[in-house]
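Q: Once you've had a glance at the structure underneath, I'll fire off some questions.
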Amino acid sequence: LLMLAKAEQLVEKSRIDSALTPLDLAEHIADVLDQVAPGAEKKNLKLRNDAQDHLYVLMEGDDLDCVLKNLLDNAIKYTPNDGTIAISASPSTGGIQITVTDSGIGIQKEALPKVFDRFWRADQARSYHSGGNGLGLPIVKAIIDKYDGTIAVASDPGKRTEFKIDIKGEKVSSNGKGN
């Protein structure tokens, strides 16, 4: 709850932007994939890193890691054994797009608008057994909102779920100049 409250605080935008150092997205993705790998291995899940190199986002490191870890933890939790989870990052109009896709159980169409609501879970009966509390995705959304980004979800029940984030950032060529 503390993380959610912190992420939702109204922060003067100019203060956030001036305090940020561009973060190497590929480095953060690799670190978080290492953290979640043991959980994926227990279910024989394939973790695929399709992130382009030389992408930098304007976020605080703890916030970026929290977003990535929450999305990947959910993908692991809701993907059956032997499934696949992919994370990609690429330049997009005005920034960087990060996508997390899994071959999991999916989310019913009528439930999609609720996934970012506090304490809401698609299957309330599993809340106790899976250890979730319905705060991970609201935290992710609050963090993305903090940086004037957007997050969207699409799902094909029984086949896949995909979260797409658009956030400020840039691609920097190997010579150090932005593209």
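How things are named: the first chain in the structure tokens is A, the next is B, and so on; residues count from 1 in each chain; ligands count from 1 in the order shown.
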From stretch 20-167 of chain A, collect each residue whose DSSP state is strand (DSSP E) and return the set as a PyMOL selection string.

A: chain A and resi 23-24+46-51+55-57+84-92+95-102+150-156+160-167

Q: Could the residues in this selection be saved with C-alpha atoms as a PDB file, in the first residue's frame?

A:
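Generated file (out.pdb):
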ATOM      1  CA  LEU A  23      18.381   4.450 -17.508  1.00  0.00           C
ATOM      2  CA  ASP A  24      19.712   1.664 -19.709  1.00  0.00           C
ATOM      3  CA  LYS A  46      10.856 -20.040 -21.397  1.00  0.00           C
ATOM      4  CA  LEU A  47      11.818 -16.411 -20.697  1.00  0.00           C
ATOM      5  CA  ARG A  48      12.622 -14.543 -23.902  1.00  0.00           C
ATOM      6  CA  ASN A  49      14.382 -11.173 -23.928  1.00  0.00           C
ATOM      7  CA  ASP A  50      13.650  -9.359 -27.191  1.00  0.00           C
ATOM      8  CA  ALA A  51      14.664  -5.894 -25.972  1.00  0.00           C
ATOM      9  CA  LEU A  55      17.353   2.264 -25.272  1.00  0.00           C
ATOM     10  CA  TYR A  56      17.128   4.663 -22.372  1.00  0.00           C
ATOM     11  CA  VAL A  57      14.056   5.613 -20.339  1.00  0.00           C
ATOM     12  CA  THR A  84       6.627 -18.759 -22.891  1.00  0.00           C
ATOM     13  CA  ILE A  85       7.026 -15.222 -21.586  1.00  0.00           C
ATOM     14  CA  ALA A  86       8.609 -12.549 -23.764  1.00  0.00           C
ATOM     15  CA  ILE A  87       9.654  -9.016 -22.959  1.00  0.00           C
ATOM     16  CA  SER A  88      10.515  -6.589 -25.711  1.00  0.00           C
ATOM     17  CA  ALA A  89      11.515  -2.957 -25.909  1.00  0.00           C
ATOM     18  CA  SER A  90      11.758  -0.795 -28.986  1.00  0.00           C
ATOM     19  CA  PRO A  91      11.594   2.852 -29.999  1.00  0.00           C
ATOM     20  CA  SER A  92       8.100   4.248 -30.486  1.00  0.00           C
ATOM     21  CA  GLY A  95       9.631   7.369 -26.563  1.00  0.00           C
ATOM     22  CA  ILE A  96      10.059   3.686 -25.867  1.00  0.00           C
ATOM     23  CA  GLN A  97       7.543   0.846 -25.929  1.00  0.00           C
ATOM     24  CA  ILE A  98       7.963  -2.052 -23.495  1.00  0.00           C
ATOM     25  CA  THR A  99       5.836  -5.150 -24.066  1.00  0.00           C
ATOM     26  CA  VAL A 100       5.396  -8.198 -21.837  1.00  0.00           C
ATOM     27  CA  THR A 101       3.577 -11.097 -23.499  1.00  0.00           C
ATOM     28  CA  ASP A 102       2.792 -14.500 -22.033  1.00  0.00           C
ATOM     29  CA  THR A 150       0.540   4.819 -20.773  1.00  0.00           C
ATOM     30  CA  ILE A 151      -0.129   1.144 -20.162  1.00  0.00           C
ATOM     31  CA  ALA A 152      -2.623  -1.049 -21.983  1.00  0.00           C
ATOM     32  CA  VAL A 153      -3.585  -4.698 -21.782  1.00  0.00           C
ATOM     33  CA  ALA A 154      -4.907  -7.072 -24.419  1.00  0.00           C
ATOM     34  CA  SER A 155      -5.745 -10.714 -23.955  1.00  0.00           C
ATOM     35  CA  ASP A 156      -6.949 -13.761 -25.809  1.00  0.00           C
ATOM     36  CA  ARG A 160      -2.046 -15.043 -24.282  1.00  0.00           C
ATOM     37  CA  THR A 161      -1.969 -11.731 -22.440  1.00  0.00           C
ATOM     38  CA  GLU A 162       0.033  -8.692 -23.479  1.00  0.00           C
ATOM     39  CA  PHE A 163       0.850  -5.523 -21.531  1.00  0.00           C
ATOM     40  CA  LYS A 164       2.183  -2.556 -23.534  1.00  0.00           C
ATOM     41  CA  ILE A 165       3.834   0.437 -21.924  1.00  0.00           C
ATOM     42  CA  ASP A 166       4.731   3.638 -23.739  1.00  0.00           C
ATOM     43  CA  ILE A 167       7.137   5.803 -21.767  1.00  0.00           C
TER      44      ILE A 167
END

Q: Pick the closest to A:Lys141 from A:Ile76, A:Ala111, A:Leu33, A:Cys66: which is it, counting only C-alpha atoms?

A: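 Nearest to A:Lys141: A:Cys66.
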
Q: Which residues come within 10 Å of A:Tyr78, counting only C-alpha atoms, excluding same-chain residues fewer than 6 positions away, as a PyMOL selection string?

A: chain A and resi 72+102-107+130+160-161

Q: Could the residues in this selection be written to a file with all heavy atoms, as a PDB file, in the first residue's frame?

A:
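Output contents, as saved in again-v6.pdb:
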ATOM      1  N   LEU A  72       6.333  -9.271 -14.946  1.00  0.00           N
ATOM      2  CA  LEU A  72       6.916 -10.599 -15.163  1.00  0.00           C
ATOM      3  C   LEU A  72       6.443 -11.604 -14.112  1.00  0.00           C
ATOM      4  O   LEU A  72       6.168 -12.764 -14.437  1.00  0.00           O
ATOM      5  CB  LEU A  72       8.437 -10.515 -15.210  1.00  0.00           C
ATOM      6  CG  LEU A  72       8.982  -9.821 -16.468  1.00  0.00           C
ATOM      7  CD1 LEU A  72      10.455  -9.484 -16.303  1.00  0.00           C
ATOM      8  CD2 LEU A  72       8.748 -10.683 -17.707  1.00  0.00           C
ATOM      9  N   ASP A 102       2.676 -13.135 -22.545  1.00  0.00           N
ATOM     10  CA  ASP A 102       2.792 -14.500 -22.033  1.00  0.00           C
ATOM     11  C   ASP A 102       1.819 -15.415 -22.763  1.00  0.00           C
ATOM     12  O   ASP A 102       0.865 -14.955 -23.388  1.00  0.00           O
ATOM     13  CB  ASP A 102       2.564 -14.547 -20.516  1.00  0.00           C
ATOM     14  CG  ASP A 102       1.151 -14.187 -20.105  1.00  0.00           C
ATOM     15  OD1 ASP A 102       0.192 -14.849 -20.575  1.00  0.00           O
ATOM     16  OD2 ASP A 102       0.993 -13.250 -19.305  1.00  0.00           O
ATOM     17  N   SER A 103       2.073 -16.702 -22.671  1.00  0.00           N
ATOM     18  CA  SER A 103       1.199 -17.715 -23.271  1.00  0.00           C
ATOM     19  C   SER A 103       0.296 -18.302 -22.190  1.00  0.00           C
ATOM     20  O   SER A 103      -0.001 -19.488 -22.193  1.00  0.00           O
ATOM     21  CB  SER A 103       2.031 -18.810 -23.949  1.00  0.00           C
ATOM     22  OG  SER A 103       2.834 -19.480 -22.990  1.00  0.00           O
ATOM     23  N   GLY A 104      -0.134 -17.457 -21.284  1.00  0.00           N
ATOM     24  CA  GLY A 104      -0.885 -17.889 -20.113  1.00  0.00           C
ATOM     25  C   GLY A 104      -2.374 -18.038 -20.319  1.00  0.00           C
ATOM     26  O   GLY A 104      -2.876 -18.096 -21.442  1.00  0.00           O
ATOM     27  N   ILE A 105      -3.085 -18.046 -19.193  1.00  0.00           N
ATOM     28  CA  ILE A 105      -4.519 -18.329 -19.187  1.00  0.00           C
ATOM     29  C   ILE A 105      -5.357 -17.190 -19.742  1.00  0.00           C
ATOM     30  O   ILE A 105      -6.501 -17.380 -20.105  1.00  0.00           O
ATOM     31  CB  ILE A 105      -5.007 -18.684 -17.764  1.00  0.00           C
ATOM     32  CG1 ILE A 105      -4.791 -17.514 -16.804  1.00  0.00           C
ATOM     33  CG2 ILE A 105      -4.336 -19.962 -17.289  1.00  0.00           C
ATOM     34  CD1 ILE A 105      -5.375 -17.729 -15.411  1.00  0.00           C
ATOM     35  N   GLY A 106      -4.799 -16.006 -19.815  1.00  0.00           N
ATOM     36  CA  GLY A 106      -5.518 -14.872 -20.372  1.00  0.00           C
ATOM     37  C   GLY A 106      -6.499 -14.255 -19.398  1.00  0.00           C
ATOM     38  O   GLY A 106      -6.674 -14.711 -18.274  1.00  0.00           O
ATOM     39  N   ILE A 107      -7.126 -13.183 -19.862  1.00  0.00           N
ATOM     40  CA  ILE A 107      -8.091 -12.429 -19.061  1.00  0.00           C
ATOM     41  C   ILE A 107      -9.338 -12.244 -19.919  1.00  0.00           C
ATOM     42  O   ILE A 107      -9.234 -11.845 -21.085  1.00  0.00           O
ATOM     43  CB  ILE A 107      -7.511 -11.043 -18.681  1.00  0.00           C
ATOM     44  CG1 ILE A 107      -6.180 -11.201 -17.933  1.00  0.00           C
ATOM     45  CG2 ILE A 107      -8.515 -10.238 -17.858  1.00  0.00           C
ATOM     46  CD1 ILE A 107      -5.372  -9.906 -17.818  1.00  0.00           C
ATOM     47  N   SER A 130      -2.759 -18.132  -4.363  1.00  0.00           N
ATOM     48  CA  SER A 130      -1.642 -17.655  -5.186  1.00  0.00           C
ATOM     49  C   SER A 130      -0.849 -16.549  -4.507  1.00  0.00           C
ATOM     50  O   SER A 130       0.166 -16.111  -5.032  1.00  0.00           O
ATOM     51  CB  SER A 130      -2.153 -17.174  -6.542  1.00  0.00           C
ATOM     52  OG  SER A 130      -2.990 -16.050  -6.375  1.00  0.00           O
ATOM     53  N   ARG A 160      -3.099 -16.026 -24.521  1.00  0.00           N
ATOM     54  CA  ARG A 160      -2.046 -15.043 -24.282  1.00  0.00           C
ATOM     55  C   ARG A 160      -2.601 -13.794 -23.619  1.00  0.00           C
ATOM     56  O   ARG A 160      -3.776 -13.495 -23.706  1.00  0.00           O
ATOM     57  CB  ARG A 160      -1.357 -14.648 -25.575  1.00  0.00           C
ATOM     58  CG  ARG A 160      -2.281 -13.946 -26.560  1.00  0.00           C
ATOM     59  CD  ARG A 160      -1.653 -13.717 -27.917  1.00  0.00           C
ATOM     60  NE  ARG A 160      -0.685 -12.662 -27.964  1.00  0.00           N
ATOM     61  CZ  ARG A 160      -0.972 -11.372 -28.020  1.00  0.00           C
ATOM     62  NH1 ARG A 160      -2.213 -10.968 -28.011  1.00  0.00           N
ATOM     63  NH2 ARG A 160      -0.017 -10.483 -28.089  1.00  0.00           N
ATOM     64  N   THR A 161      -1.683 -13.059 -22.973  1.00  0.00           N
ATOM     65  CA  THR A 161      -1.969 -11.731 -22.440  1.00  0.00           C
ATOM     66  C   THR A 161      -0.765 -10.861 -22.778  1.00  0.00           C
ATOM     67  O   THR A 161       0.380 -11.324 -22.744  1.00  0.00           O
ATOM     68  CB  THR A 161      -2.189 -11.767 -20.914  1.00  0.00           C
ATOM     69  OG1 THR A 161      -3.321 -12.593 -20.644  1.00  0.00           O
ATOM     70  CG2 THR A 161      -2.443 -10.371 -20.356  1.00  0.00           C
TER      71      THR A 161
END

Q: Looking at A:Gly149, A:Asp31, A:Leu135, A:Gly94, which one is nearest to A:Asp62, with distances taken over only C-alpha atoms?

A: A:Asp31

Q: Using only C-alpha atoms, which residue out of A:Thr21, A:Thr79, A:Asn70, A:Gln108 lies closest to A:Pro157?

A: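 The shortest atom-to-atom distance to A:Pro157 comes from A:Gln108.
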